[in-house]
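Undergrad: Quick one: the structure is below, questions incoming.
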Amino acid sequence: MAFTRAPGKHRRPSRMQRGTARAAGVAALAGTGVVGSLTAPALAAEPAAAQTGLTPVITLGDTVAERIDAQAAAQHEAARAAAEAAARKAAEEAAREVAAEKAAEEAAKARAEKERAAREAERKRLNTFVSPIPGSYVSTAYQSGGAVWSSGSHTGIDFHAASGTPVQSVGMGTVVEAGWGGAYGNQVVIKMNDGTYTQYAHLSSLAVSAGQQVTAGQQIGLSGATGNVTGAHLHFEARTGADYGSDLDPVAYLRAHGVNL
């Protein structure tokens with residue numbers, strides 16, 4: 001038995017059939033010139049369509065490039081600004097360090113100068129000498145002869161002074177004796193800072209005691225007429241040691257220490 005398709009119902013043409021039909025149609029149209037008229041405008045339009053499509057792409061590319069250039073420029077500017085800021089900061093820190101070093105040097109110099117001035121002041125204080133009775137004069141010279149002195153000559157000098165006149169240490173030192181000294185009457189003996197000794201005799205009263213530190217110009221007693229004397233005065237001696245017989249020329253001694261007599 002043979003089968004036939006039902007009227008009005010057809011299968012979809014196969015791919016081969018569709019291709020054959022398209023080819024036949026094109027061939028048929030070619031003879032009439034329709035294909036040429038249809039394809040020519042289409043082919044002519046294709047370059048325009050391609051050109052129109054490329055223009056936005058090129059424009060978009062330029063914009064992106066400009067943005068990239070702008071970002072690069074901004075980054076470069078930011079880097080330059082950061083470098084300048086870092087350089088300024090480094091310069092400021094260096095300037096602060098230099099200023100701090102200079103301030104430290106100035107402070108050290110000031111301290112050194114202050115210490116030097118203090119040492120100089122102390123040196124002057126230690127080496128300052130004064131007359132035992134300011135404004136007085138020598139009434140009896142050193143090594144003057146006479147029977148009044150057991151050694152046959154004067155072992156010191158006498159300063160003119162009424163009884164009760166303040167007597168002061170000629171320099172800085174330590175009191176080693178303060179009391180009765182026989183023929184010297186009430187006396188004070190001071191060991192000076194330079195190792196020499198000074199004696200103040202015939203005092204009416206004492207103002208210091210043994211072991212006491214004294215300075216130049218400090219009052220140590222009052223002049224008088226105690227001991228072996230003929231009248232009130234101050235007997236002053238300079239010695240190399242604390243004991244009698246080690247005397248020096250008192251005038252030369254005081255003058256050597258800057259005291260004018």
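Residues in the structure tokens are named by chain (A, B, ... in the order shown) and by number from 1 within that chain; ligands are numbered from 1 in the order shown.
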Would you list, as JSON, numbers by chain, the residues of segment 87-207 of chain A that end up in helix (DSSP H, G or I) under DSSP run on this structure's backbone?

TA: {"A": [87, 88, 89, 90, 91, 92, 93, 94, 95, 96, 97, 98, 99, 100, 101, 102, 103, 104, 105, 106, 107, 108, 109, 110, 111, 112, 113, 114, 115, 116, 117, 118, 119, 120, 121, 122, 123, 124, 125, 126, 127, 182, 183, 184]}

Undergrad: Apply DSSP to the structure's backbone, then extract all residues of segment 62-237 of chain A labelled strand (DSSP E or B) and return them as a ChimeraX atom specification.

TA: /A:138-140,145,153,157-160,166-168,173-180,186-192,197-206,213-214,219-224,233-237

Undergrad: Excluding Ala161 of chain A and any residue of its chain fewer than 3 positions from it, enumerate the residues within 8 Å of it, using only C-alpha atoms, and give them as a ChimeraX atom specification.

TA: /A:133,136,165,223,232-234

Undergrad: From the options A:Val214, A:Ala162, A:Ala178, A:Val208, which residue's atoms come nearest to Met192 of chain A, counting only C-alpha atoms?

TA: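 Residue with the minimum atom-to-atom distance to Met192 of chain A: A:Val214.
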
Undergrad: A:Arg80, A:His235, A:Arg88, A:His257: which is nearest Gly171 of chain A, counting only C-alpha atoms?

TA: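 For Gly171 of chain A, the nearest of the candidates is A:His257.
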
Undergrad: Mind checking which residues fall within 12 Å of Asp249 of chain A, counting only C-alpha atoms, ignoring those fewer than 6 positions away in the same chain, and posting them as a list in words?

TA: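 Skipping anything fewer than 6 positions along the chain leaves Ala141, Tyr142, Gln143, Ser144, His154, Thr155, Gly156, Ile157, Thr198, Phe236, Glu237, Ala238, Arg239, Thr240, Arg255 and Ala256 of chain A.
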
Undergrad: One decimal, in Å: what's the spacing between atom CA of Ala210 of chain A and atom CA of Leu248 of chain A?

TA: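 Atom-to-atom, atom CA of Ala210 of chain A to atom CA of Leu248 of chain A, that is 22.7 Å.
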
Undergrad: Work out how far atom CA of Gln75 of chain A is from atom CA of Ala87 of chain A, in Å to one decimal.

TA: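 One can read the atom CA of Ala87 of chain A to atom CA of Gln75 of chain A distance as 17.9 Å.
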